[in-house]
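Report on the structure given below.
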Amino acid sequence: MKRWWHRCGVLVLCLSGMAALFASDASADDLQVAAAASLQGVLDELLERWAEQSPTPAIRVSYGGSQILARQLHAGAPYALYLPADRRWLLQALAWAGAEANSATELASNRIVVIAPRGRCPAGDLLDPAVLERQLVDSRLAIGEPGSVPAGRYAEAALRHLRLWPVVEAHLAPVENVRLALLLVARGEAPLGIVYATDAHSEPRVQRCLTLPADSHPPIRYAGMVSPSGDVEMARRLLAFLADAAQREIWQRHGFLPPTAN
């Protein structure tokens, strides 16, 4: 138990410094983007298509937790575009930038799901407290840190709504990034986790066991904002490209739903 938790801590430290590393390596001419970790697969593909149309400037993306990226932006990181997974941090970033809330552009929506290593979804109804408790004896439920990670906040809200929080509270493995929760389950170091549906879609080593009811947590919507840093006009063009209906099939292929679906 201690060994996997130590490895998890090392991974957290690595991811904490990742965004700053990307920013320091970028050229002054690059357009820098800060994006929630859960967007990585779809955004990488979207930016490949963008590069075919607009090869310059180069786009550099820093993936990480929405809160961490927002605070880096506020501290002066030269992100021209901010794409969080949490509307609260989007509104906070807009307020720091002196922008109106309606200046954000809606992109997609998502769901949260309970996952297990592939082929190891437990028998029984995981919404039954007794079933869930049996699965977590001497083990942990991998989730994002509820106080700072959007996926963790949604997970806590759902578990409280479903009256399961008392069952899991003492059995949590809260991590700094939803992709870390996904990794713990994919590697078999946690028997269950709660991640975005798109995370489960992207990782063949895990299996979706349960989609948590949409009405059990706040809507999960992704939106973007242009910050005053960098090439504002180019950032606006890129954000419009990401939101364009012509890109919807890429969003859907990665498991995302339309902005109004959640």
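Letters for chains follow the order of the structure tokens (A, B, ...), residue numbers begin at 1 for each chain, and ligand numbers begin at 1 in the order shown.
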
Could you give me, as a list of chain:residue names, the residues within 12 Å of Gly124 (chain A), counting only C-alpha atoms and dropping anything in the same chain fewer than 4 positions from it? A:Asp128, A:Pro129, A:Ala130, A:Val131, A:Leu132, A:Glu133, A:Arg134, A:Gln135, A:Cys209, A:Leu210

So that I can see what lies close to Gly76 (chain A), please list as a PyMOL selection string the residues with an atom at most 9 Å from it, counting only C-alpha atoms and leaving out residues fewer than 4 positions away in the same chain. chain A and resi 71-72+229

Written selection (N, CA, C and O atoms) as a JSON list (two decimals), in the first residue's frame:
```json
[["chain", "number", "residue", "atom", "x", "y", "z"],
["A", 71, "ARG", "N", -4.02, 29.50, -11.73],
["A", 71, "ARG", "CA", -3.13, 30.26, -10.84],
["A", 71, "ARG", "C", -1.84, 30.64, -11.56],
["A", 71, "ARG", "O", -1.29, 31.72, -11.33],
["A", 72, "GLN", "N", -1.35, 29.76, -12.43],
["A", 72, "GLN", "CA", -0.16, 30.12, -13.22],
["A", 72, "GLN", "C", -0.47, 31.29, -14.15],
["A", 72, "GLN", "O", 0.34, 32.21, -14.32],
["A", 229, "SER", "N", -2.55, 37.73, -22.75],
["A", 229, "SER", "CA", -1.16, 37.36, -23.04],
["A", 229, "SER", "C", -1.03, 36.85, -24.48],
["A", 229, "SER", "O", -1.91, 36.15, -24.98]]
```

Residues within 8 Å of region 216-224 of chain A, only C-alpha atoms, excluding chain neighbours under 4 positions, as a PDB file with all heavy atoms, in the first residue's frame:
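Output file selection-v8.pdb is given in full below:
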```
ATOM      1  N   LEU A  81      -4.480  31.181 -24.293  1.00  0.00           N
ATOM      2  CA  LEU A  81      -5.771  30.505 -24.279  1.00  0.00           C
ATOM      3  C   LEU A  81      -5.829  29.597 -23.060  1.00  0.00           C
ATOM      4  O   LEU A  81      -4.869  28.888 -22.766  1.00  0.00           O
ATOM      5  CB  LEU A  81      -5.915  29.678 -25.564  1.00  0.00           C
ATOM      6  CG  LEU A  81      -7.309  29.271 -26.041  1.00  0.00           C
ATOM      7  CD1 LEU A  81      -8.200  30.483 -26.234  1.00  0.00           C
ATOM      8  CD2 LEU A  81      -7.182  28.495 -27.346  1.00  0.00           C
ATOM      9  N   TYR A  82      -6.960  29.639 -22.349  1.00  0.00           N
ATOM     10  CA  TYR A  82      -7.154  28.814 -21.157  1.00  0.00           C
ATOM     11  C   TYR A  82      -8.390  27.958 -21.368  1.00  0.00           C
ATOM     12  O   TYR A  82      -9.486  28.476 -21.629  1.00  0.00           O
ATOM     13  CB  TYR A  82      -7.316  29.718 -19.935  1.00  0.00           C
ATOM     14  CG  TYR A  82      -7.653  29.018 -18.638  1.00  0.00           C
ATOM     15  CD1 TYR A  82      -6.903  27.939 -18.173  1.00  0.00           C
ATOM     16  CD2 TYR A  82      -8.721  29.459 -17.851  1.00  0.00           C
ATOM     17  CE1 TYR A  82      -7.221  27.310 -16.974  1.00  0.00           C
ATOM     18  CE2 TYR A  82      -9.026  28.847 -16.643  1.00  0.00           C
ATOM     19  CZ  TYR A  82      -8.282  27.773 -16.215  1.00  0.00           C
ATOM     20  OH  TYR A  82      -8.587  27.151 -15.024  1.00  0.00           O
ATOM     21  N   LEU A  83      -8.222  26.626 -21.261  1.00  0.00           N
ATOM     22  CA  LEU A  83      -9.298  25.667 -21.527  1.00  0.00           C
ATOM     23  C   LEU A  83      -9.455  24.740 -20.319  1.00  0.00           C
ATOM     24  O   LEU A  83      -8.902  23.634 -20.285  1.00  0.00           O
ATOM     25  CB  LEU A  83      -8.969  24.835 -22.775  1.00  0.00           C
ATOM     26  CG  LEU A  83      -8.586  25.603 -24.046  1.00  0.00           C
ATOM     27  CD1 LEU A  83      -8.101  24.646 -25.125  1.00  0.00           C
ATOM     28  CD2 LEU A  83      -9.752  26.427 -24.549  1.00  0.00           C
ATOM     29  N   PRO A  84     -10.198  25.154 -19.295  1.00  0.00           N
ATOM     30  CA  PRO A  84     -10.335  24.346 -18.082  1.00  0.00           C
ATOM     31  C   PRO A  84     -11.486  23.356 -18.181  1.00  0.00           C
ATOM     32  O   PRO A  84     -12.300  23.393 -19.106  1.00  0.00           O
ATOM     33  CB  PRO A  84     -10.637  25.405 -17.016  1.00  0.00           C
ATOM     34  CG  PRO A  84     -11.433  26.437 -17.774  1.00  0.00           C
ATOM     35  CD  PRO A  84     -10.849  26.466 -19.168  1.00  0.00           C
ATOM     36  N   ALA A  85     -11.553  22.475 -17.175  1.00  0.00           N
ATOM     37  CA  ALA A  85     -12.653  21.511 -17.077  1.00  0.00           C
ATOM     38  C   ALA A  85     -13.635  21.912 -15.990  1.00  0.00           C
ATOM     39  O   ALA A  85     -14.498  21.122 -15.616  1.00  0.00           O
ATOM     40  CB  ALA A  85     -12.097  20.121 -16.773  1.00  0.00           C
ATOM     41  N   ASP A  86     -13.526  23.122 -15.494  1.00  0.00           N
ATOM     42  CA  ASP A  86     -14.319  23.563 -14.353  1.00  0.00           C
ATOM     43  C   ASP A  86     -14.748  25.008 -14.574  1.00  0.00           C
ATOM     44  O   ASP A  86     -13.915  25.900 -14.714  1.00  0.00           O
ATOM     45  CB  ASP A  86     -13.473  23.455 -13.074  1.00  0.00           C
ATOM     46  CG  ASP A  86     -14.287  23.697 -11.814  1.00  0.00           C
ATOM     47  OD1 ASP A  86     -15.345  24.340 -11.886  1.00  0.00           O
ATOM     48  OD2 ASP A  86     -13.854  23.251 -10.741  1.00  0.00           O
ATOM     49  N   ARG A  87     -16.058  25.221 -14.628  1.00  0.00           N
ATOM     50  CA  ARG A  87     -16.560  26.573 -14.881  1.00  0.00           C
ATOM     51  C   ARG A  87     -16.173  27.537 -13.761  1.00  0.00           C
ATOM     52  O   ARG A  87     -15.986  28.733 -13.997  1.00  0.00           O
ATOM     53  CB  ARG A  87     -18.075  26.545 -15.073  1.00  0.00           C
ATOM     54  CG  ARG A  87     -18.628  27.899 -15.525  1.00  0.00           C
ATOM     55  CD  ARG A  87     -19.998  27.799 -16.139  1.00  0.00           C
ATOM     56  NE  ARG A  87     -20.452  29.087 -16.616  1.00  0.00           N
ATOM     57  CZ  ARG A  87     -20.109  29.618 -17.782  1.00  0.00           C
ATOM     58  NH1 ARG A  87     -19.315  28.953 -18.586  1.00  0.00           N
ATOM     59  NH2 ARG A  87     -20.567  30.796 -18.132  1.00  0.00           N
ATOM     60  N   LEU A  90     -12.855  28.817 -14.652  1.00  0.00           N
ATOM     61  CA  LEU A  90     -12.977  29.671 -15.832  1.00  0.00           C
ATOM     62  C   LEU A  90     -13.469  31.059 -15.426  1.00  0.00           C
ATOM     63  O   LEU A  90     -12.904  32.081 -15.844  1.00  0.00           O
ATOM     64  CB  LEU A  90     -13.951  29.046 -16.832  1.00  0.00           C
ATOM     65  CG  LEU A  90     -14.243  29.885 -18.072  1.00  0.00           C
ATOM     66  CD1 LEU A  90     -13.034  29.936 -18.993  1.00  0.00           C
ATOM     67  CD2 LEU A  90     -15.455  29.336 -18.823  1.00  0.00           C
ATOM     68  N   ALA A 104     -16.681  33.855 -22.672  1.00  0.00           N
ATOM     69  CA  ALA A 104     -16.176  32.487 -22.822  1.00  0.00           C
ATOM     70  C   ALA A 104     -16.890  31.794 -23.982  1.00  0.00           C
ATOM     71  O   ALA A 104     -18.031  32.118 -24.317  1.00  0.00           O
ATOM     72  CB  ALA A 104     -16.380  31.705 -21.531  1.00  0.00           C
ATOM     73  N   THR A 105     -16.206  30.823 -24.574  1.00  0.00           N
ATOM     74  CA  THR A 105     -16.765  30.063 -25.694  1.00  0.00           C
ATOM     75  C   THR A 105     -16.971  28.618 -25.277  1.00  0.00           C
ATOM     76  O   THR A 105     -16.026  27.949 -24.849  1.00  0.00           O
ATOM     77  CB  THR A 105     -15.807  30.110 -26.905  1.00  0.00           C
ATOM     78  OG1 THR A 105     -15.665  31.464 -27.338  1.00  0.00           O
ATOM     79  CG2 THR A 105     -16.340  29.271 -28.056  1.00  0.00           C
ATOM     80  N   GLU A 106     -18.205  28.123 -25.384  1.00  0.00           N
ATOM     81  CA  GLU A 106     -18.518  26.753 -25.002  1.00  0.00           C
ATOM     82  C   GLU A 106     -17.953  25.774 -26.043  1.00  0.00           C
ATOM     83  O   GLU A 106     -18.018  26.035 -27.252  1.00  0.00           O
ATOM     84  CB  GLU A 106     -20.036  26.562 -24.909  1.00  0.00           C
ATOM     85  CG  GLU A 106     -20.703  27.409 -23.836  1.00  0.00           C
ATOM     86  CD  GLU A 106     -20.374  26.944 -22.427  1.00  0.00           C
ATOM     87  OE1 GLU A 106     -20.136  25.729 -22.245  1.00  0.00           O
ATOM     88  OE2 GLU A 106     -20.354  27.791 -21.524  1.00  0.00           O
ATOM     89  N   LEU A 107     -17.415  24.640 -25.558  1.00  0.00           N
ATOM     90  CA  LEU A 107     -16.768  23.676 -26.438  1.00  0.00           C
ATOM     91  C   LEU A 107     -17.398  22.287 -26.404  1.00  0.00           C
ATOM     92  O   LEU A 107     -17.637  21.682 -27.448  1.00  0.00           O
ATOM     93  CB  LEU A 107     -15.283  23.560 -26.075  1.00  0.00           C
ATOM     94  CG  LEU A 107     -14.440  24.821 -26.265  1.00  0.00           C
ATOM     95  CD1 LEU A 107     -13.050  24.603 -25.673  1.00  0.00           C
ATOM     96  CD2 LEU A 107     -14.349  25.192 -27.738  1.00  0.00           C
ATOM     97  N   ALA A 108     -17.618  21.738 -25.217  1.00  0.00           N
ATOM     98  CA  ALA A 108     -18.066  20.351 -25.115  1.00  0.00           C
ATOM     99  C   ALA A 108     -18.568  20.084 -23.705  1.00  0.00           C
ATOM    100  O   ALA A 108     -18.439  20.929 -22.807  1.00  0.00           O
ATOM    101  CB  ALA A 108     -16.923  19.391 -25.457  1.00  0.00           C
ATOM    102  N   SER A 109     -19.122  18.890 -23.513  1.00  0.00           N
ATOM    103  CA  SER A 109     -19.511  18.455 -22.171  1.00  0.00           C
ATOM    104  C   SER A 109     -19.066  17.022 -21.964  1.00  0.00           C
ATOM    105  O   SER A 109     -18.591  16.362 -22.887  1.00  0.00           O
ATOM    106  CB  SER A 109     -21.024  18.620 -21.956  1.00  0.00           C
ATOM    107  OG  SER A 109     -21.744  17.768 -22.814  1.00  0.00           O
ATOM    108  N   ASN A 110     -19.241  16.526 -20.725  1.00  0.00           N
ATOM    109  CA  ASN A 110     -18.680  15.232 -20.361  1.00  0.00           C
ATOM    110  C   ASN A 110     -19.536  14.598 -19.285  1.00  0.00           C
ATOM    111  O   ASN A 110     -20.474  15.228 -18.759  1.00  0.00           O
ATOM    112  CB  ASN A 110     -17.235  15.417 -19.867  1.00  0.00           C
ATOM    113  CG  ASN A 110     -16.324  14.250 -20.186  1.00  0.00           C
ATOM    114  OD1 ASN A 110     -16.777  13.136 -20.412  1.00  0.00           O
ATOM    115  ND2 ASN A 110     -15.027  14.493 -20.187  1.00  0.00           N
ATOM    116  N   ARG A 111     -19.238  13.365 -18.930  1.00  0.00           N
ATOM    117  CA  ARG A 111     -19.860  12.660 -17.811  1.00  0.00           C
ATOM    118  C   ARG A 111     -18.762  12.074 -16.941  1.00  0.00           C
ATOM    119  O   ARG A 111     -17.605  11.984 -17.357  1.00  0.00           O
ATOM    120  CB  ARG A 111     -20.762  11.527 -18.336  1.00  0.00           C
ATOM    121  CG  ARG A 111     -21.919  11.965 -19.213  1.00  0.00           C
ATOM    122  CD  ARG A 111     -23.007  12.686 -18.430  1.00  0.00           C
ATOM    123  NE  ARG A 111     -23.607  11.834 -17.411  1.00  0.00           N
ATOM    124  CZ  ARG A 111     -24.592  10.976 -17.641  1.00  0.00           C
ATOM    125  NH1 ARG A 111     -25.083  10.828 -18.864  1.00  0.00           N
ATOM    126  NH2 ARG A 111     -25.109  10.257 -16.651  1.00  0.00           N
ATOM    127  N   TYR A 154     -16.672  16.911  -8.933  1.00  0.00           N
ATOM    128  CA  TYR A 154     -17.880  16.282  -9.465  1.00  0.00           C
ATOM    129  C   TYR A 154     -18.116  14.931  -8.802  1.00  0.00           C
ATOM    130  O   TYR A 154     -19.260  14.556  -8.511  1.00  0.00           O
ATOM    131  CB  TYR A 154     -17.751  16.092 -10.976  1.00  0.00           C
ATOM    132  CG  TYR A 154     -17.609  17.376 -11.760  1.00  0.00           C
ATOM    133  CD1 TYR A 154     -16.589  17.530 -12.705  1.00  0.00           C
ATOM    134  CD2 TYR A 154     -18.495  18.438 -11.588  1.00  0.00           C
ATOM    135  CE1 TYR A 154     -16.453  18.695 -13.442  1.00  0.00           C
ATOM    136  CE2 TYR A 154     -18.363  19.610 -12.316  1.00  0.00           C
ATOM    137  CZ  TYR A 154     -17.334  19.732 -13.245  1.00  0.00           C
ATOM    138  OH  TYR A 154     -17.210  20.888 -13.964  1.00  0.00           O
ATOM    139  N   ALA A 155     -17.038  14.177  -8.580  1.00  0.00           N
ATOM    140  CA  ALA A 155     -17.164  12.859  -7.950  1.00  0.00           C
ATOM    141  C   ALA A 155     -17.718  12.987  -6.538  1.00  0.00           C
ATOM    142  O   ALA A 155     -18.624  12.234  -6.146  1.00  0.00           O
ATOM    143  CB  ALA A 155     -15.809  12.151  -7.937  1.00  0.00           C
ATOM    144  N   ALA A 157     -19.517  15.425  -5.298  1.00  0.00           N
ATOM    145  CA  ALA A 157     -20.910  15.857  -5.364  1.00  0.00           C
ATOM    146  C   ALA A 157     -21.833  14.676  -5.665  1.00  0.00           C
ATOM    147  O   ALA A 157     -22.891  14.518  -5.037  1.00  0.00           O
ATOM    148  CB  ALA A 157     -21.070  16.933  -6.434  1.00  0.00           C
ATOM    149  N   ALA A 158     -21.422  13.827  -6.616  1.00  0.00           N
ATOM    150  CA  ALA A 158     -22.244  12.675  -6.975  1.00  0.00           C
ATOM    151  C   ALA A 158     -22.347  11.685  -5.818  1.00  0.00           C
ATOM    152  O   ALA A 158     -23.435  11.174  -5.513  1.00  0.00           O
ATOM    153  CB  ALA A 158     -21.655  11.985  -8.208  1.00  0.00           C
ATOM    154  N   LEU A 159     -21.224  11.416  -5.170  1.00  0.00           N
ATOM    155  CA  LEU A 159     -21.224  10.449  -4.076  1.00  0.00           C
ATOM    156  C   LEU A 159     -22.043  10.941  -2.893  1.00  0.00           C
ATOM    157  O   LEU A 159     -22.724  10.153  -2.220  1.00  0.00           O
ATOM    158  CB  LEU A 159     -19.786  10.146  -3.655  1.00  0.00           C
ATOM    159  CG  LEU A 159     -18.961   9.369  -4.687  1.00  0.00           C
ATOM    160  CD1 LEU A 159     -17.481   9.402  -4.315  1.00  0.00           C
ATOM    161  CD2 LEU A 159     -19.446   7.930  -4.816  1.00  0.00           C
ATOM    162  N   HIS A 161     -24.616  13.059  -3.171  1.00  0.00           N
ATOM    163  CA  HIS A 161     -26.010  13.008  -3.625  1.00  0.00           C
ATOM    164  C   HIS A 161     -26.553  11.588  -3.534  1.00  0.00           C
ATOM    165  O   HIS A 161     -27.732  11.384  -3.175  1.00  0.00           O
ATOM    166  CB  HIS A 161     -26.088  13.520  -5.070  1.00  0.00           C
ATOM    167  CG  HIS A 161     -27.463  13.474  -5.655  1.00  0.00           C
ATOM    168  ND1 HIS A 161     -28.391  14.475  -5.457  1.00  0.00           N
ATOM    169  CD2 HIS A 161     -28.079  12.530  -6.431  1.00  0.00           C
ATOM    170  CE1 HIS A 161     -29.519  14.168  -6.087  1.00  0.00           C
ATOM    171  NE2 HIS A 161     -29.358  12.994  -6.676  1.00  0.00           N
ATOM    172  N   LEU A 162     -25.724  10.621  -3.855  1.00  0.00           N
ATOM    173  CA  LEU A 162     -26.135   9.215  -3.847  1.00  0.00           C
ATOM    174  C   LEU A 162     -25.989   8.563  -2.478  1.00  0.00           C
ATOM    175  O   LEU A 162     -26.189   7.357  -2.339  1.00  0.00           O
ATOM    176  CB  LEU A 162     -25.315   8.441  -4.888  1.00  0.00           C
ATOM    177  CG  LEU A 162     -25.518   8.894  -6.340  1.00  0.00           C
ATOM    178  CD1 LEU A 162     -24.436   8.305  -7.237  1.00  0.00           C
ATOM    179  CD2 LEU A 162     -26.900   8.520  -6.841  1.00  0.00           C
ATOM    180  N   LEU A 212     -22.215   7.616 -13.604  1.00  0.00           N
ATOM    181  CA  LEU A 212     -22.943   8.231 -12.498  1.00  0.00           C
ATOM    182  C   LEU A 212     -24.061   9.127 -13.052  1.00  0.00           C
ATOM    183  O   LEU A 212     -23.875   9.789 -14.082  1.00  0.00           O
ATOM    184  CB  LEU A 212     -21.978   9.039 -11.630  1.00  0.00           C
ATOM    185  CG  LEU A 212     -20.978   8.167 -10.864  1.00  0.00           C
ATOM    186  CD1 LEU A 212     -19.919   9.007 -10.178  1.00  0.00           C
ATOM    187  CD2 LEU A 212     -21.694   7.297  -9.832  1.00  0.00           C
ATOM    188  N   LEU A 239      -9.575  29.490 -30.858  1.00  0.00           N
ATOM    189  CA  LEU A 239     -10.729  29.123 -30.036  1.00  0.00           C
ATOM    190  C   LEU A 239     -11.970  28.935 -30.910  1.00  0.00           C
ATOM    191  O   LEU A 239     -12.744  27.994 -30.708  1.00  0.00           O
ATOM    192  CB  LEU A 239     -10.971  30.187 -28.963  1.00  0.00           C
ATOM    193  CG  LEU A 239     -12.085  29.905 -27.952  1.00  0.00           C
ATOM    194  CD1 LEU A 239     -11.870  28.571 -27.246  1.00  0.00           C
ATOM    195  CD2 LEU A 239     -12.179  31.041 -26.933  1.00  0.00           C
ATOM    196  N   PRO A 259     -21.840  20.758 -26.138  1.00  0.00           N
ATOM    197  CA  PRO A 259     -21.877  21.612 -24.928  1.00  0.00           C
ATOM    198  C   PRO A 259     -23.205  21.577 -24.191  1.00  0.00           C
ATOM    199  O   PRO A 259     -23.236  21.680 -22.968  1.00  0.00           O
ATOM    200  CB  PRO A 259     -21.573  23.004 -25.473  1.00  0.00           C
ATOM    201  CG  PRO A 259     -20.871  22.786 -26.757  1.00  0.00           C
ATOM    202  CD  PRO A 259     -21.414  21.513 -27.314  1.00  0.00           C
ATOM    203  N   ASN A 262     -25.216  18.181 -21.422  1.00  0.00           N
ATOM    204  CA  ASN A 262     -25.054  17.807 -20.009  1.00  0.00           C
ATOM    205  C   ASN A 262     -25.581  18.921 -19.130  1.00  0.00           C
ATOM    206  O   ASN A 262     -25.300  20.071 -19.381  1.00  0.00           O
ATOM    207  CB  ASN A 262     -23.572  17.565 -19.722  1.00  0.00           C
ATOM    208  CG  ASN A 262     -23.364  16.812 -18.440  1.00  0.00           C
ATOM    209  OD1 ASN A 262     -24.221  16.799 -17.559  1.00  0.00           O
ATOM    210  ND2 ASN A 262     -22.205  16.196 -18.317  1.00  0.00           N
TER     211      ASN A 262
END
```

Surrounding residues of Ala190 (chain A) excluding itself and chain neighbours under 5 positions, 9 Å, only C-alpha atoms, as a PyMOL selection string: chain A and resi 116-117+139-142+173+181+184-185

Could you give me, as a Markdown table, every region 72-119 of chain A residue with an atom at most 6 Å from region 191-205 of chain A, plus its closest atom pair and distance in Å to one decimal, counting only C-alpha atoms, rows ordered by chain then number?
```
| residue | atom | partner | partner_atom | distance |
| --- | --- | --- | --- | --- |
| A:Arg111 | CA | A:Ala197 | CA | 5.4 |
| A:Ile112 | CA | A:Tyr196 | CA | 4.3 |
| A:Val113 | CA | A:Ile194 | CA | 5.5 |
| A:Val114 | CA | A:Ile194 | CA | 4.6 |
| A:Ile115 | CA | A:Gly193 | CA | 5.2 |
| A:Ala116 | CA | A:Leu192 | CA | 4.7 |
| A:Arg118 | CA | A:Arg205 | CA | 5.4 |
```

Would you mind exporting N, CA, C and O atoms of the selected residues as a compact mmCIF listing (two decimals), in the first residue's frame?
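And here is the file that came out, part_0.txt:
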```txt
# COMPACT_ATOMS: atom_id res chain seq x y z
N ARG A 111 -19.24 13.36 -18.93
CA ARG A 111 -19.86 12.66 -17.81
C ARG A 111 -18.76 12.07 -16.94
O ARG A 111 -17.60 11.98 -17.36
N ILE A 112 -19.11 11.66 -15.73
CA ILE A 112 -18.15 10.96 -14.88
C ILE A 112 -18.60 9.52 -14.69
O ILE A 112 -19.80 9.23 -14.62
N VAL A 113 -17.62 8.62 -14.62
CA VAL A 113 -17.90 7.19 -14.59
C VAL A 113 -17.04 6.51 -13.54
O VAL A 113 -15.97 7.00 -13.16
N VAL A 114 -17.50 5.37 -13.07
CA VAL A 114 -16.71 4.50 -12.19
C VAL A 114 -16.00 3.49 -13.09
O VAL A 114 -16.64 2.87 -13.95
N ILE A 115 -14.70 3.34 -12.89
CA ILE A 115 -13.92 2.42 -13.72
C ILE A 115 -13.21 1.39 -12.84
O ILE A 115 -13.00 1.59 -11.65
N ALA A 116 -12.83 0.30 -13.48
CA ALA A 116 -12.01 -0.75 -12.86
C ALA A 116 -11.00 -1.21 -13.91
O ALA A 116 -11.16 -0.91 -15.10
N ARG A 118 -9.55 -3.48 -16.70
CA ARG A 118 -10.35 -4.20 -17.69
C ARG A 118 -10.59 -5.65 -17.24
O ARG A 118 -9.67 -6.35 -16.82
```

If you run DSSP over the backbone, which residues in region 20-178 of chain A end up helix (DSSP H, G or I)? Put them as a VMD selection string. chain A and resid 20 to 25 37 to 53 66 to 74 87 to 97 101 to 103 129 to 135 150 to 161 165 to 171 178

Test item: residues at most 12 Å from Asp138 (chain A), only C-alpha atoms, excluding those fewer than 6 positions along its chain, as a count of residues only: 7

Residues within 8 Å of Leu31 (chain A), please, as a ChimeraX atom specification. Count only C-alpha atoms; anything in the same chain fewer than 3 positions from it doesn't count. /A:57-60,79-80,230-231,235

So, counting only C-alpha atoms, which residue among A:Leu136, A:Val175, A:Ser62, A:Asn102 is closest to Asp44 (chain A)?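 Of A:Leu136, A:Val175, A:Ser62, A:Asn102, the one nearest Asp44 (chain A), counting only C-alpha atoms, is A:Ser62.
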
Can you pull out the residues contacting Ala75 (chain A)? Cut-off 12 Å, using only C-alpha atoms, and skip same-chain residues under 6 positions away; I want them as a ChimeraX atom specification. /A:20,68-69,93,96-97,229

Proximity to Ala35 (chain A) - best of A:Gln67, A:Gln207, A:Gln53, A:Thr260, only C-alpha atoms: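 Nearest candidate to Ala35 (chain A) out of A:Gln67, A:Gln207, A:Gln53, A:Thr260: A:Gln67.
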
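The gap separating CA of Ala101 (chain A) from CA of Gly255 (chain A) is 26.6 Å, in Å to one decimal.
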
Identify which of the residues A:Gly119, A:Gly41, A:Gly98, A:Gly64 lies closest to Ala186 (chain A), counting only C-alpha atoms when measuring atom-to-atom distances.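 Of the candidates, the smallest distance to Ala186 (chain A) is held by A:Gly119.
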
Picked from region 5-249 of chain A by DSSP as strand (DSSP E), as an MDAnalysis selection string: chainID A and resid 31:36 59:64 81:83 105:110 112:117 141:144 172:175 192:196 206:211 220:226

Dump of C-alpha atoms for the selected residues, as an mmCIF file, in the first residue's frame:
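Output contents, as saved in selection-v9.cif:
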```
data_model
loop_
_atom_site.group_PDB
_atom_site.id
_atom_site.type_symbol
_atom_site.label_atom_id
_atom_site.label_comp_id
_atom_site.auth_asym_id
_atom_site.auth_seq_id
_atom_site.Cartn_x
_atom_site.Cartn_y
_atom_site.Cartn_z
ATOM 1 C CA LEU A 31 1.126 30.535 -28.993
ATOM 2 C CA GLN A 32 0.847 29.013 -25.528
ATOM 3 C CA VAL A 33 -2.303 27.210 -24.407
ATOM 4 C CA ALA A 34 -3.227 25.996 -20.914
ATOM 5 C CA ALA A 35 -5.639 23.048 -21.030
ATOM 6 C CA ALA A 36 -7.217 20.611 -18.579
ATOM 7 C CA ILE A 59 1.104 25.915 -30.584
ATOM 8 C CA ARG A 60 2.532 24.834 -27.225
ATOM 9 C CA VAL A 61 0.090 23.236 -24.786
ATOM 10 C CA SER A 62 0.545 22.876 -21.043
ATOM 11 C CA TYR A 63 -1.794 20.166 -19.738
ATOM 12 C CA GLY A 64 -2.619 20.022 -16.045
ATOM 13 C CA LEU A 81 -5.771 30.505 -24.279
ATOM 14 C CA TYR A 82 -7.154 28.814 -21.157
ATOM 15 C CA LEU A 83 -9.298 25.667 -21.527
ATOM 16 C CA THR A 105 -16.765 30.063 -25.694
ATOM 17 C CA GLU A 106 -18.518 26.753 -25.002
ATOM 18 C CA LEU A 107 -16.768 23.676 -26.438
ATOM 19 C CA ALA A 108 -18.066 20.351 -25.115
ATOM 20 C CA SER A 109 -19.511 18.455 -22.171
ATOM 21 C CA ASN A 110 -18.680 15.232 -20.361
ATOM 22 C CA ILE A 112 -18.150 10.955 -14.881
ATOM 23 C CA VAL A 113 -17.901 7.190 -14.586
ATOM 24 C CA VAL A 114 -16.707 4.502 -12.194
ATOM 25 C CA ILE A 115 -13.917 2.418 -13.716
ATOM 26 C CA ALA A 116 -12.010 -0.748 -12.862
ATOM 27 C CA PRO A 117 -9.080 -2.535 -14.490
ATOM 28 C CA LEU A 141 -10.971 4.639 -4.649
ATOM 29 C CA ALA A 142 -8.869 6.748 -7.013
ATOM 30 C CA ILE A 143 -10.314 10.218 -7.620
ATOM 31 C CA GLY A 144 -9.087 13.723 -8.263
ATOM 32 C CA LEU A 172 -9.955 7.623 -1.021
ATOM 33 C CA ALA A 173 -6.769 7.964 -3.034
ATOM 34 C CA PRO A 174 -7.113 11.664 -3.959
ATOM 35 C CA VAL A 175 -4.623 12.810 -6.589
ATOM 36 C CA LEU A 192 -11.909 1.407 -8.652
ATOM 37 C CA GLY A 193 -11.698 5.019 -9.741
ATOM 38 C CA ILE A 194 -13.938 7.886 -10.783
ATOM 39 C CA VAL A 195 -12.849 9.708 -13.917
ATOM 40 C CA TYR A 196 -14.387 11.401 -16.919
ATOM 41 C CA VAL A 206 -9.686 0.132 -17.895
ATOM 42 C CA GLN A 207 -13.378 -0.678 -18.165
ATOM 43 C CA ARG A 208 -16.369 1.528 -17.461
ATOM 44 C CA CYS A 209 -18.464 -0.119 -14.747
ATOM 45 C CA LEU A 210 -21.029 2.600 -14.101
ATOM 46 C CA THR A 211 -21.953 6.043 -15.425
ATOM 47 C CA ILE A 220 -19.515 19.104 -16.733
ATOM 48 C CA ARG A 221 -18.905 21.656 -19.442
ATOM 49 C CA TYR A 222 -15.715 22.727 -21.164
ATOM 50 C CA ALA A 223 -15.284 26.293 -22.343
ATOM 51 C CA GLY A 224 -12.343 28.468 -23.309
ATOM 52 C CA MET A 225 -11.201 32.020 -22.762
ATOM 53 C CA VAL A 226 -8.668 34.220 -24.520
#
```
